[in-house]
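Heads up, the thing below is written out as C-alpha cells.
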There are 2 protein chains.
Amino acid sequence: VTIVAHDPSRAARAAARTLAAASSEARNAALAAIAAAVEAASGEIAAANARDLEGAAGERPAIVDRLTLTPERIAGLAAGVRAVAALPDPIGEVLMRRTRPDGLRITKLRVPLGVVAVVYEARPNVTTDAAALTLKAGNACILRGSRLAAHTNRALVDVTREAVAAAGLPADAVQELVADHAALREFVSHPDAADVVIPRGGEALKHFLLEHSRVPVLAAAGGNNHVFVDAAADPAKAVAIAVNAKVQRPGVCNAAETLLVHRDAAALGEAICAALREAGVELAEGEQADATEFLDLKMAVREVGSLDEALEHIARHGTGHSEAIVTEDAEAAARFVNEVDAAAVYVNASTRFTDGGEFGMGAEIGISTNRLHARGPVGLEELTTTKYVVRGDGHIRR
Amino acid sequence: VTIVAHDPSRAARAAARTLAAASSEARNAALAAIAAAVEAASGEIAAANARDLEGAAGERPAIVDRLTLTPERIAGLAAGVRAVAALPDPIGEVLMRRTRPDGLRITKLRVPLGVVAVVYEARPNVTTDAAALTLKAGNACILRGSRLAAHTNRALVDVTREAVAAAGLPADAVQELVADHAALREFVSHPDAADVVIPRGGEALKHFLLEHSRVPVLAAAGGNNHVFVDAAADPAKAVAIAVNAKVQRPGVCNAAETLLVHRDAAALGEAICAALREAGVELAEGEQADATEFLDLKMAVREVGSLDEALEHIARHGTGHSEAIVTEDAEAAARFVNEVDAAAVYVNASTRFTDGGEFGMGAEIGISTNRLHARGPVGLEELTTTKYVVRGDGHIRR
C-alpha cells in the first residue's frame with residue numbers, strides 16, 4: 001500500500017469551499033492560466049513523458065500510443081482546457097423560482113457538486129480534461145491516474161496547481177491521489193472521500209469501483225446495446241446504422257453488441273449480416289451471445305417474431321445504455337421509445353451518438369447508466385448539485 | 001430472520017416496466033381507485049388497526065397515537081391519495097430539446113425512476129402516502145413498515161394492490177417487505193434490491209440505512225441547523241425566527257439546533273435567549289453543544305465576532321440541511337447565501353420551511369441532504385430519472 005503523504009479529501013474539501021464562492025470569471029481565468037502554463041511547460045511535460053515511455057517499453061503499442069505526448073498533443077491539451085473555459089457556466093442557473101402565497105420567495109439554484117474524484121488509465125489527457133471540467137463547474141478534483149503515466153501526470157498536476165494558484169484560486173482544488181490498487185480501494189471505502197467518483201477507462205476499472213466504492217460511482221455499468229431492425233425498416237438506413245453501431249469503434253460502451261431482426265425483415269437481415277461480415281465482423285448466435293459485451297468486431301444476431309419479442313429481449317439482456325430501432329413505422333418507434341428503459345433510445349440513428357460532444361454538451365467526463373443524478377453523458381451540468389435559497393421578511397411557520 | 005416468501009424486488013421490477021409505459025390517466029385512475037377502496041374498506045382497516053393497538057399496549061402514548069387510525073384519519077388517507085393524484089404529472093416532461101447541425105434531434109425526457117423502497121416507522125399513513133407518490137411518478141414501490149403496524153399495513157397494502165389491479169395496472173407495483181432488522185439489512189445489501197431507498201422516521205433508522213445500504217439512500221443525514229443573527233438583524237424578525245425554528249416542532253430535522261449571535265447584536269441575543277427560555281427552551285454552550293442535534297427543546301447558543309466566523313462555524317458544524325441568517329444587510333445576506341453549503345439557505349425566514357408542501361411541491365416523501373440526485377425535499381420530480389430520445393433519418397457517426 002502506497003502511503004499517501006497528505007489527506008487529499010480534506011485538502012480538496014477546503015479548496016472546494018473557496019471554489020464554490022468563486023465567480024465565473026475567476027474560474028475561467030484559472031482555466032486560461034492552466035492552458036497557458038501547459039504550453040509554457042511543454043518541454044518539462046515532454047521530458048516527464050519520456051521517462052514514462054521508457055518504463056512502458058514492454059507494453060502493447062496501443063497503450064504506448066495513448067501514453068505518448070507529442071508537442072502537438074501537448075498543444076491539444078491546452079486547446080481542450082480552453083474549449084471547456086468557453087462553455088456556458090452552469091453555476092448559478094435558476095432551475096425554479098416561486099413565490100408562495102405568504103410571500104416567501106423560493107429559488108432553486110445550480111451550485112457546484114463539491115469534490116469529484118476521477119480514476120483513469122494511462123491517458124495523460126484525462127488529467128487536464130478532468131481538471132478543467134471539474135474546476136469549470138466550481139468543484140475540486142482528486143485525480144488518480146495510472147502508474148504508467150506517473151511522471152507525466154505529476155508534471156501536469158504540478159503545472160495545473162501552480163496555474164490555479166497564480167490565478168488566485170487554491171492550488172488544492174486539484175489533488176493528485178498517488179495510490180496503488182489496494183490504496184485506491186481503501187480510499188473509496190470512505191463515503192466522505194469525495195462526493196462522487198468517475199471512472200474513465202476500461203470495464204475492469206469500472207467494475208472494481210462499482211464493487212468496492214462507498215462513494216457514489218457515475219459510470220456506464222455496461223453497454224450491451226441492441227439495434228432492432230423492425231419489419232418496417234428502411235433497408236439502406238438499417239444497413240448503415242447496424243454497421244456503424246458495431247464497426248465505427250467497437251471497443252467503446254456505446255457500440256452495439258446485438259442485432260435483432262424482425263422475422264418479416266429476414267431478407268434485409270441477411271443483407272445486413274453480409275455487410276457486417278464484409279466489414280470484418282464475426283457473427284454469433286445463441287443464449288451466450290445474447291448476454292456478451294464483445295467490445296470487439298463480434299456481434300450477436302437474433303431473429304425475433306415481433307416488436308414485443310424485441311422489447312422483451314432488450315428488457316432481459318440490455319444494460320440500459322443505448323438501444324436503437326430502425327423503422328419507418330411511427331407507432332413501432334413510439335412504443336420502442338416509450339417502453340425501452342435505457343439512458344439513450346434511438347430511432348433511425350446509430351447508438352454511437354451517446355456522447356457528450358455528440359449531444360451538444362460541449363464535453364463530457366464519462367457516461368452514466370445510473371438512474372440517480374445523471375443518466376447518459378456526464379457533462380458540466382451533471383457535475384453540479386442544487387441549493388434552495390429562500391427569502392422572507394420575518395416569515396415563520398405556523 | 002423472517003423468510004420473505006417471494007422476491008419483492010423482482011416482482012416490483014416487472015411491475016415497474018408496465019407502470020413506466022402506463023399513461024398519466026391510467027396512473028391517476030389507479031390512485032382514484034386506491035382512495036375509493038380505502039374508504040370502502042374503512043371497517044376492515046379499523047379492525048386490523050385495533051389488533052395492532054392491542055399489541056402496542058405498553059408503548060409510549062406518542063407512538064400509540066401515531067399508530068391509531070380513527071375513521072377520520074382513514075378518510076384522511078383517502079384524501080391524501082386524491083391530493084397526490086391531482087398534482088401535475090412529472091412524467092414525459094421535456095427537459096431539453098435540441099437539433100444538432102447534422103439534423104439529429106435530441107430530447108431529454110423525465111421518466112420513472114423504477115423501484116422505490118420506503119422504510120418507515122409505525123405510521124400507517126406512510127403506507128398509502130408512499131404508494132400514491134411512487135405510483136403517480138410511474139414507479140413500483142416496496143414498503144417496509146414497522147412490526148407494530150403489521151396488521152394495519154397488511155390491510156392497507158391488500159386494499160391498495162386490489163385497487164391497482166382493478167384499475168388495470170399490476171398489483172405487484174405495490175410490494176410489502178415483511179422483514180425484521182436483520183432481513184432488512186440483508187435486503188438493502190443487494191445493490192439491485194431497489195433503485196433507491198427512502199427512510200421515513202427517526203435518526204436511528206436513517207443511520208442504519210446510511211451505514212448498511214448498498215442501494216442509494218435519499219435521506220437527511222442530519223439536521224444540525226443554525227440561525228445566525230447578524231449585526232444588522234431586525235430585532236422582531238430575529239426573535240420570531242429563532243423561536244419558531246427551535247420551538248414550533250423541535251423533534252424534526254428542519255428545526256434549528258444552534259443560535260449564532262453577532263457580537264454587535266449582543267443585546268438582541270439576550271432578548272432572543274429570554275424569549276427562548278420563556279418558550280421552554282433550555283440553552284447550552286460550549287464545544288459539545290456546537291455539534292449536538294438535540295431534536296428537543298434545547299438549543300446551543302454561541303457568540304461570533306463576525307460574519308466570517310459564523311460562516312466558519314456553520315462550515316465546521318453544519319450538516320448541510322437548513323441554515324438561516326437574519327439580517328437587513330443585503331451584502332451579508334448575499335455572502336451567506338453564496339457561501340453556506342446546504343440544501344436550503346434562508347434569509348429572514350425560519351428553517352422550518354424546508355418541506356415539500358411548504359416549498360409548493362405538493363407533497364414529499366422525505367428530505368435529502370445528498371449532493372447527488374435530490375437535495376432538499378423529495379417530491380414527485382425527485383422520484384424520476386431521465387431518458388434521452390434521439391431521432392435521426394439514418395444518422396451514423398463519422
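Following the order of the C-alpha cells, first chain is A, next is B, and so on, with residues numbered from 1 inside each chain and ligands from 1 in the order they appear.
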
Fit result for chain B on chain A over all paired C-alpha atoms, given as a tab-separated table (two decimals) with C-alpha atoms, in the first residue's frame:
chain	number	residue	atom	x	y	z
B	1	VAL	CA	-0.01	-0.02	-0.04
B	2	THR	CA	1.37	3.34	-1.02
B	3	ILE	CA	1.19	5.70	1.92
B	4	VAL	CA	-0.50	8.93	0.88
B	5	ALA	CA	1.54	11.73	2.40
B	6	HIS	CA	-1.45	14.01	2.94
B	7	ASP	CA	-5.22	13.70	3.03
B	8	PRO	CA	-6.36	14.68	-0.46
B	9	SER	CA	-10.05	14.60	0.51
B	10	ARG	CA	-9.58	17.09	3.30
B	11	ALA	CA	-7.43	19.41	1.22
B	12	ALA	CA	-9.90	19.16	-1.67
B	13	ARG	CA	-12.89	19.91	0.57
B	14	ALA	CA	-11.29	23.06	1.92
B	15	ALA	CA	-10.46	24.19	-1.62
B	16	ALA	CA	-13.97	23.32	-2.82
B	17	ARG	CA	-15.43	25.77	-0.33
B	18	THR	CA	-13.42	28.59	-1.88
B	19	LEU	CA	-14.18	27.39	-5.41
B	20	ALA	CA	-17.91	27.34	-4.70
B	21	ALA	CA	-17.84	31.02	-3.83
B	22	ALA	CA	-15.58	31.97	-6.77
B	23	SER	CA	-17.02	33.92	-9.68
B	24	SER	CA	-17.42	32.59	-13.18
B	25	GLU	CA	-14.65	34.98	-14.27
B	26	ALA	CA	-12.28	33.68	-11.61
B	27	ARG	CA	-12.87	30.06	-12.65
B	28	ASN	CA	-12.44	30.88	-16.34
B	29	ALA	CA	-9.26	32.81	-15.56
B	30	ALA	CA	-7.88	29.74	-13.79
B	31	LEU	CA	-8.64	27.62	-16.86
B	32	ALA	CA	-6.96	30.16	-19.12
B	33	ALA	CA	-3.94	30.11	-16.80
B	34	ILE	CA	-3.80	26.31	-16.94
B	35	ALA	CA	-3.88	26.31	-20.74
B	36	ALA	CA	-1.10	28.88	-20.94
B	37	ALA	CA	0.98	27.07	-18.32
B	38	VAL	CA	0.68	23.74	-20.14
B	39	GLU	CA	1.95	25.42	-23.30
B	40	ALA	CA	4.77	27.14	-21.42
B	41	ALA	CA	5.82	23.91	-19.72
B	42	SER	CA	5.65	21.84	-22.89
B	43	GLY	CA	9.31	20.87	-22.60
B	44	GLU	CA	9.08	19.68	-18.99
B	45	ILE	CA	5.91	17.76	-19.73
B	46	ALA	CA	7.53	16.06	-22.72
B	47	ALA	CA	10.57	15.16	-20.59
B	48	ALA	CA	8.36	13.62	-17.90
B	49	ASN	CA	6.45	11.77	-20.59
B	50	ALA	CA	9.73	10.40	-22.01
B	51	ARG	CA	10.49	8.86	-18.61
B	52	ASP	CA	7.08	7.18	-18.55
B	53	LEU	CA	7.58	5.90	-22.09
B	54	GLU	CA	10.88	4.30	-21.04
B	55	GLY	CA	9.04	2.46	-18.28
B	56	ALA	CA	6.30	1.41	-20.70
B	57	ALA	CA	8.72	-0.19	-23.13
B	58	GLY	CA	7.14	-3.64	-22.94
B	59	GLU	CA	3.51	-2.52	-23.18
B	60	ARG	CA	1.13	-3.03	-26.11
B	61	PRO	CA	1.49	-0.45	-28.92
B	62	ALA	CA	-2.04	0.89	-28.28
B	63	ILE	CA	-1.16	1.62	-24.67
B	64	VAL	CA	2.15	3.24	-25.60
B	65	ASP	CA	0.36	5.35	-28.19
B	66	ARG	CA	-2.23	6.61	-25.69
B	67	LEU	CA	0.52	7.42	-23.23
B	68	THR	CA	2.62	9.36	-25.72
B	69	LEU	CA	2.49	13.16	-25.63
B	70	THR	CA	3.89	14.74	-28.78
B	71	PRO	CA	4.25	18.56	-28.96
B	72	GLU	CA	1.02	18.58	-31.00
B	73	ARG	CA	-0.79	16.58	-28.35
B	74	ILE	CA	0.46	18.89	-25.60
B	75	ALA	CA	-0.91	21.83	-27.60
B	76	GLY	CA	-4.13	19.80	-27.83
B	77	LEU	CA	-4.33	19.55	-24.02
B	78	ALA	CA	-4.20	23.34	-23.78
B	79	ALA	CA	-6.80	23.71	-26.53
B	80	GLY	CA	-9.07	21.26	-24.68
B	81	VAL	CA	-8.87	23.32	-21.51
B	82	ARG	CA	-9.68	26.51	-23.46
B	83	ALA	CA	-12.67	24.77	-25.06
B	84	VAL	CA	-14.05	23.93	-21.62
B	85	ALA	CA	-13.46	27.51	-20.46
B	86	ALA	CA	-15.56	28.72	-23.40
B	87	LEU	CA	-18.61	26.62	-22.41
B	88	PRO	CA	-21.55	28.33	-20.68
B	89	ASP	CA	-21.19	28.43	-16.90
B	90	PRO	CA	-23.66	26.01	-15.30
B	91	ILE	CA	-23.27	27.56	-11.85
B	92	GLY	CA	-25.95	29.94	-10.60
B	93	GLU	CA	-28.54	28.83	-13.14
B	94	VAL	CA	-32.02	29.31	-11.67
B	95	LEU	CA	-33.86	25.99	-12.00
B	96	MET	CA	-37.02	27.10	-10.22
B	97	ARG	CA	-38.38	30.40	-8.92
B	98	ARG	CA	-41.59	30.57	-6.95
B	99	THR	CA	-43.33	32.98	-4.59
B	100	ARG	CA	-45.52	31.26	-2.01
B	101	PRO	CA	-48.96	32.65	-1.03
B	102	ASP	CA	-47.43	34.09	2.17
B	103	GLY	CA	-44.80	35.97	0.14
B	104	LEU	CA	-41.89	33.60	0.83
B	105	ARG	CA	-39.63	33.63	-2.23
B	106	ILE	CA	-38.00	30.32	-3.15
B	107	THR	CA	-35.36	29.75	-5.81
B	108	LYS	CA	-33.53	26.58	-6.69
B	109	LEU	CA	-30.02	27.26	-7.95
B	110	ARG	CA	-27.37	25.14	-9.59
B	111	VAL	CA	-24.27	25.02	-7.37
B	112	PRO	CA	-21.02	23.03	-7.50
B	113	LEU	CA	-21.14	19.37	-6.50
B	114	GLY	CA	-18.07	19.59	-4.24
B	115	VAL	CA	-15.23	17.11	-4.61
B	116	VAL	CA	-15.06	14.97	-7.74
B	117	ALA	CA	-12.69	12.00	-7.87
B	118	VAL	CA	-11.63	10.76	-11.31
B	119	VAL	CA	-9.91	7.42	-11.72
B	120	TYR	CA	-8.36	6.73	-15.09
B	121	GLU	CA	-5.92	4.74	-17.11
B	122	ALA	CA	-2.71	5.73	-18.87
B	123	ARG	CA	-4.19	8.63	-20.86
B	124	PRO	CA	-2.50	11.85	-19.72
B	125	ASN	CA	-5.09	13.97	-21.52
B	126	VAL	CA	-7.63	12.98	-18.85
B	127	THR	CA	-5.55	14.83	-16.25
B	128	THR	CA	-6.11	18.25	-17.83
B	129	ASP	CA	-9.57	17.43	-19.25
B	130	ALA	CA	-10.89	16.32	-15.86
B	131	ALA	CA	-9.29	19.22	-14.02
B	132	ALA	CA	-10.80	21.69	-16.49
B	133	LEU	CA	-14.33	20.25	-16.36
B	134	THR	CA	-14.45	19.93	-12.60
B	135	LEU	CA	-12.97	23.42	-11.98
B	136	LYS	CA	-15.28	24.99	-14.57
B	137	ALA	CA	-18.25	23.67	-12.56
B	138	GLY	CA	-16.76	25.04	-9.32
B	139	ASN	CA	-15.54	21.73	-7.94
B	140	ALA	CA	-12.28	20.47	-6.54
B	141	CYS	CA	-10.95	17.25	-8.05
B	142	ILE	CA	-8.92	14.29	-6.92
B	143	LEU	CA	-7.12	12.68	-9.84
B	144	ARG	CA	-5.86	9.13	-9.74
B	145	GLY	CA	-4.14	8.17	-12.96
B	146	SER	CA	-2.20	5.11	-13.96
B	147	ARG	CA	1.24	4.34	-12.58
B	148	LEU	CA	2.38	3.99	-16.18
B	149	ALA	CA	1.77	7.72	-16.61
B	150	ALA	CA	3.04	8.75	-13.18
B	151	HIS	CA	5.73	11.21	-14.27
B	152	THR	CA	3.54	12.79	-16.93
B	153	ASN	CA	0.59	13.15	-14.56
B	154	ARG	CA	2.78	14.59	-11.84
B	155	ALA	CA	4.15	17.19	-14.27
B	156	LEU	CA	0.65	18.07	-15.50
B	157	VAL	CA	-0.76	18.28	-11.97
B	158	ASP	CA	2.13	20.46	-10.82
B	159	VAL	CA	1.67	22.82	-13.76
B	160	THR	CA	-2.09	22.90	-13.20
B	161	ARG	CA	-1.84	23.57	-9.47
B	162	GLU	CA	0.66	26.39	-10.00
B	163	ALA	CA	-1.55	27.96	-12.64
B	164	VAL	CA	-4.65	27.75	-10.43
B	165	ALA	CA	-2.73	29.39	-7.57
B	166	ALA	CA	-1.32	32.07	-9.87
B	167	ALA	CA	-4.89	32.84	-10.93
B	168	GLY	CA	-5.84	33.42	-7.28
B	169	LEU	CA	-7.71	30.17	-6.57
B	170	PRO	CA	-6.50	27.44	-4.22
B	171	ALA	CA	-3.93	25.05	-5.70
B	172	ASP	CA	-5.53	22.31	-3.59
B	173	ALA	CA	-8.54	22.40	-5.89
B	174	VAL	CA	-6.52	19.90	-7.94
B	175	GLN	CA	-5.29	16.94	-5.92
B	176	GLU	CA	-3.28	14.00	-7.12
B	177	LEU	CA	-4.03	10.68	-5.46
B	178	VAL	CA	-0.97	8.49	-5.61
B	179	ALA	CA	-2.40	5.09	-4.78
B	180	ASP	CA	-1.98	1.54	-5.93
B	181	HIS	CA	-4.93	-0.81	-6.28
B	182	ALA	CA	-5.19	-1.56	-2.57
B	183	ALA	CA	-4.83	2.08	-1.57
B	184	LEU	CA	-7.47	3.09	-4.11
B	185	ARG	CA	-9.81	0.51	-2.64
B	186	GLU	CA	-9.15	1.88	0.83
B	187	PHE	CA	-9.70	5.44	-0.43
B	188	VAL	CA	-13.14	4.75	-1.95
B	189	SER	CA	-14.21	2.71	1.07
B	190	HIS	CA	-14.75	6.00	2.92
B	191	PRO	CA	-18.12	7.53	1.99
B	192	ASP	CA	-16.69	11.01	2.58
B	193	ALA	CA	-13.58	10.56	0.42
B	194	ALA	CA	-15.32	12.51	-2.38
B	195	ASP	CA	-18.87	13.40	-3.40
B	196	VAL	CA	-18.65	11.24	-6.49
B	197	VAL	CA	-16.09	9.06	-8.23
B	198	ILE	CA	-15.96	8.81	-12.00
B	199	PRO	CA	-14.03	6.06	-13.76
B	200	ARG	CA	-12.58	6.81	-17.17
B	201	GLY	CA	-11.24	3.67	-18.68
B	202	GLY	CA	-11.93	0.02	-19.23
B	203	GLU	CA	-14.54	-2.31	-17.88
B	204	ALA	CA	-12.31	-3.78	-15.16
B	205	LEU	CA	-11.78	-0.36	-13.59
B	206	LYS	CA	-15.53	0.39	-13.62
B	207	HIS	CA	-16.45	-2.92	-12.07
B	208	PHE	CA	-13.76	-2.51	-9.43
B	209	LEU	CA	-15.26	0.81	-8.37
B	210	LEU	CA	-18.87	-0.34	-8.62
B	211	GLU	CA	-18.03	-3.23	-6.34
B	212	HIS	CA	-15.86	-1.53	-3.77
B	213	SER	CA	-16.73	2.16	-3.66
B	214	ARG	CA	-18.86	3.64	-0.93
B	215	VAL	CA	-18.52	6.94	-2.74
B	216	PRO	CA	-21.27	7.09	-5.39
B	217	VAL	CA	-19.92	5.99	-8.79
B	218	LEU	CA	-21.07	7.65	-11.99
B	219	ALA	CA	-20.37	5.13	-14.71
B	220	ALA	CA	-21.78	3.08	-17.51
B	221	ALA	CA	-22.07	-0.26	-15.77
B	222	GLY	CA	-22.35	-1.98	-19.13
B	223	GLY	CA	-23.13	-1.39	-22.75
B	224	ASN	CA	-24.87	-4.47	-24.10
B	225	ASN	CA	-26.62	-2.37	-26.74
B	226	HIS	CA	-29.03	-3.57	-29.41
B	227	VAL	CA	-29.97	-2.45	-32.90
B	228	PHE	CA	-33.48	-3.70	-33.68
B	229	VAL	CA	-34.32	-3.84	-37.38
B	230	ASP	CA	-38.10	-3.68	-37.49
B	231	ALA	CA	-40.31	-5.17	-40.21
B	232	ALA	CA	-40.83	-1.62	-41.49
B	233	ALA	CA	-37.14	-0.70	-41.56
B	234	ASP	CA	-35.68	1.27	-44.46
B	235	PRO	CA	-33.03	-1.12	-45.85
B	236	ALA	CA	-30.32	1.46	-46.55
B	237	LYS	CA	-30.70	3.05	-43.11
B	238	ALA	CA	-30.70	-0.36	-41.44
B	239	VAL	CA	-27.45	-1.46	-43.07
B	240	ALA	CA	-25.73	1.85	-42.39
B	241	ILE	CA	-26.82	2.05	-38.76
B	242	ALA	CA	-26.06	-1.57	-37.86
B	243	VAL	CA	-22.59	-1.40	-39.40
B	244	ASN	CA	-21.81	1.98	-37.87
B	245	ALA	CA	-23.04	0.98	-34.42
B	246	LYS	CA	-20.80	-2.09	-34.43
B	247	VAL	CA	-17.79	-1.12	-36.50
B	248	GLN	CA	-17.05	2.57	-36.14
B	249	ARG	CA	-15.37	2.00	-32.76
B	250	PRO	CA	-16.12	-1.47	-31.43
B	251	GLY	CA	-14.29	-1.18	-28.10
B	252	VAL	CA	-16.46	1.53	-26.53
B	253	CYS	CA	-19.56	1.32	-24.39
B	254	ASN	CA	-21.93	2.89	-26.92
B	255	ALA	CA	-21.09	0.36	-29.63
B	256	ALA	CA	-23.81	-2.18	-30.44
B	257	GLU	CA	-23.36	-5.80	-29.42
B	258	THR	CA	-26.53	-7.43	-30.73
B	259	LEU	CA	-28.50	-7.16	-33.94
B	260	LEU	CA	-32.18	-8.06	-33.56
B	261	VAL	CA	-34.02	-8.63	-36.83
B	262	HIS	CA	-37.77	-8.84	-37.22
B	263	ARG	CA	-38.80	-12.11	-38.89
B	264	ASP	CA	-40.59	-10.16	-41.65
B	265	ALA	CA	-37.32	-8.44	-42.50
B	266	ALA	CA	-35.31	-11.66	-42.82
B	267	ALA	CA	-33.95	-10.81	-46.26
B	268	LEU	CA	-32.80	-7.42	-45.03
B	269	GLY	CA	-31.24	-9.21	-42.07
B	270	GLU	CA	-29.19	-11.32	-44.47
B	271	ALA	CA	-28.02	-8.21	-46.29
B	272	ILE	CA	-27.00	-6.58	-43.01
B	273	CYS	CA	-25.10	-9.68	-41.94
B	274	ALA	CA	-23.26	-9.70	-45.26
B	275	ALA	CA	-22.32	-6.05	-44.80
B	276	LEU	CA	-21.14	-6.72	-41.25
B	277	ARG	CA	-19.02	-9.68	-42.37
B	278	GLU	CA	-17.57	-7.55	-45.14
B	279	ALA	CA	-16.61	-4.99	-42.49
B	280	GLY	CA	-14.74	-7.73	-40.63
B	281	VAL	CA	-17.40	-8.55	-38.03
B	282	GLU	CA	-17.69	-12.09	-36.72
B	283	LEU	CA	-21.35	-13.01	-36.09
B	284	ALA	CA	-22.52	-15.14	-33.16
B	285	GLU	CA	-25.80	-16.74	-32.18
B	286	GLY	CA	-27.28	-18.36	-29.11
B	287	GLU	CA	-28.03	-17.66	-25.47
B	288	GLN	CA	-24.47	-16.92	-24.53
B	289	ALA	CA	-24.03	-14.41	-27.31
B	290	ASP	CA	-27.18	-12.61	-26.12
B	291	ALA	CA	-25.51	-11.63	-22.87
B	292	THR	CA	-21.98	-10.91	-24.09
B	293	GLU	CA	-20.42	-7.48	-24.41
B	294	PHE	CA	-17.85	-8.24	-27.07
B	295	LEU	CA	-16.30	-4.76	-27.28
B	296	ASP	CA	-14.71	-6.13	-30.40
B	297	LEU	CA	-15.56	-6.85	-34.05
B	298	LYS	CA	-18.05	-9.50	-32.96
B	299	MET	CA	-21.83	-9.19	-32.84
B	300	ALA	CA	-24.71	-11.40	-31.74
B	301	VAL	CA	-27.56	-11.83	-34.24
B	302	ARG	CA	-31.05	-12.95	-33.34
B	303	GLU	CA	-34.34	-13.12	-35.18
B	304	VAL	CA	-37.44	-12.00	-33.28
B	305	GLY	CA	-41.07	-12.65	-34.18
B	306	SER	CA	-42.42	-9.26	-33.20
B	307	LEU	CA	-41.73	-5.86	-31.68
B	308	ASP	CA	-42.92	-7.29	-28.37
B	309	GLU	CA	-40.33	-10.02	-28.56
B	310	ALA	CA	-37.63	-7.46	-29.31
B	311	LEU	CA	-38.73	-5.36	-26.32
B	312	GLU	CA	-38.70	-8.44	-24.11
B	313	HIS	CA	-35.22	-9.40	-25.32
B	314	ILE	CA	-33.87	-5.91	-24.65
B	315	ALA	CA	-35.50	-5.81	-21.21
B	316	ARG	CA	-33.82	-9.11	-20.34
B	317	HIS	CA	-30.36	-8.61	-21.83
B	318	GLY	CA	-29.91	-4.86	-22.23
B	319	THR	CA	-27.84	-2.91	-19.72
B	320	GLY	CA	-29.78	0.35	-19.98
B	321	HIS	CA	-27.18	2.19	-22.02
B	322	SER	CA	-28.09	2.82	-25.70
B	323	GLU	CA	-30.77	1.00	-27.70
B	324	ALA	CA	-31.83	1.62	-31.29
B	325	ILE	CA	-34.76	0.79	-33.55
B	326	VAL	CA	-34.67	1.14	-37.33
B	327	THR	CA	-38.21	1.59	-38.61
B	328	GLU	CA	-40.41	3.78	-40.79
B	329	ASP	CA	-43.43	2.80	-38.65
B	330	ALA	CA	-44.20	5.71	-36.31
B	331	GLU	CA	-46.22	3.52	-33.97
B	332	ALA	CA	-43.43	0.97	-33.57
B	333	ALA	CA	-40.96	3.81	-32.99
B	334	ALA	CA	-43.22	5.35	-30.35
B	335	ARG	CA	-43.61	2.05	-28.50
B	336	PHE	CA	-39.85	1.42	-28.61
B	337	VAL	CA	-39.08	4.90	-27.28
B	338	ASN	CA	-41.69	4.61	-24.55
B	339	GLU	CA	-41.03	1.06	-23.43
B	340	VAL	CA	-37.28	0.60	-23.69
B	341	ASP	CA	-35.60	1.52	-20.42
B	342	ALA	CA	-32.20	2.99	-21.25
B	343	ALA	CA	-30.12	6.13	-20.87
B	344	ALA	CA	-30.49	6.80	-24.61
B	345	VAL	CA	-33.07	5.38	-27.04
B	346	TYR	CA	-32.57	5.87	-30.79
B	347	VAL	CA	-34.91	5.90	-33.74
B	348	ASN	CA	-33.13	5.54	-37.08
B	349	ALA	CA	-29.74	6.56	-35.71
B	350	SER	CA	-26.62	4.79	-34.52
B	351	THR	CA	-26.06	4.05	-30.83
B	352	ARG	CA	-22.60	5.59	-31.23
B	353	PHE	CA	-24.07	9.07	-30.67
B	354	THR	CA	-24.31	8.58	-26.88
B	355	ASP	CA	-21.55	11.04	-26.12
B	356	GLY	CA	-21.43	14.48	-24.51
B	357	GLY	CA	-19.88	16.12	-27.55
B	358	GLU	CA	-22.35	14.49	-29.97
B	359	PHE	CA	-25.25	15.53	-27.71
B	360	GLY	CA	-24.10	19.15	-27.81
B	361	MET	CA	-23.02	19.25	-24.18
B	362	GLY	CA	-19.61	20.56	-25.17
B	363	ALA	CA	-17.56	18.01	-23.29
B	364	GLU	CA	-18.06	15.02	-21.05
B	365	ILE	CA	-16.15	13.25	-18.36
B	366	GLY	CA	-17.89	9.91	-18.93
B	367	ILE	CA	-21.22	8.18	-19.47
B	368	SER	CA	-23.56	7.09	-16.66
B	369	THR	CA	-26.14	4.35	-16.67
B	370	ASN	CA	-27.12	5.24	-13.09
B	371	ARG	CA	-30.76	6.03	-12.59
B	372	LEU	CA	-29.95	8.60	-9.91
B	373	HIS	CA	-28.43	12.04	-10.58
B	374	ALA	CA	-27.04	11.60	-14.10
B	375	ARG	CA	-28.16	9.18	-16.80
B	376	GLY	CA	-26.27	9.49	-20.05
B	377	PRO	CA	-23.25	11.68	-20.77
B	378	VAL	CA	-21.76	13.37	-17.69
B	379	GLY	CA	-21.05	16.97	-18.66
B	380	LEU	CA	-20.82	20.20	-16.72
B	381	GLU	CA	-24.44	20.17	-15.51
B	382	GLU	CA	-24.01	16.67	-14.15
B	383	LEU	CA	-21.05	17.93	-12.09
B	384	THR	CA	-23.37	20.21	-10.11
B	385	THR	CA	-25.92	19.91	-7.36
B	386	THR	CA	-28.66	22.32	-6.28
B	387	LYS	CA	-29.36	24.66	-3.39
B	388	TYR	CA	-32.66	26.18	-2.35
B	389	VAL	CA	-32.40	29.86	-1.46
B	390	VAL	CA	-35.39	31.09	0.51
B	391	ARG	CA	-35.96	34.77	1.23
B	392	GLY	CA	-38.54	36.06	3.66
B	393	ASP	CA	-39.34	39.14	5.65
B	394	GLY	CA	-39.45	37.57	9.10
B	395	HIS	CA	-41.44	34.56	7.87
B	396	ILE	CA	-42.13	31.85	10.41
B	397	ARG	CA	-43.96	28.57	10.03
B	398	ARG	CA	-47.43	28.37	11.56

Taking only stretch 154-368 of chain B into account, list the residues labelled helix (DSSP H, G or I) by DSSP (computed from the backbone), as JSON, numbers by chain. {"B": [154, 155, 156, 157, 158, 159, 160, 161, 162, 163, 164, 165, 166, 171, 172, 173, 181, 182, 183, 184, 185, 186, 187, 188, 203, 204, 205, 206, 207, 208, 209, 210, 211, 212, 235, 236, 237, 238, 239, 240, 241, 242, 243, 244, 245, 246, 247, 263, 264, 265, 266, 267, 268, 269, 270, 271, 272, 273, 274, 275, 276, 277, 278, 287, 288, 289, 290, 307, 308, 309, 310, 311, 312, 313, 314, 315, 316, 317, 330, 331, 332, 333, 334, 335, 336, 337, 338, 339, 351, 352, 353]}
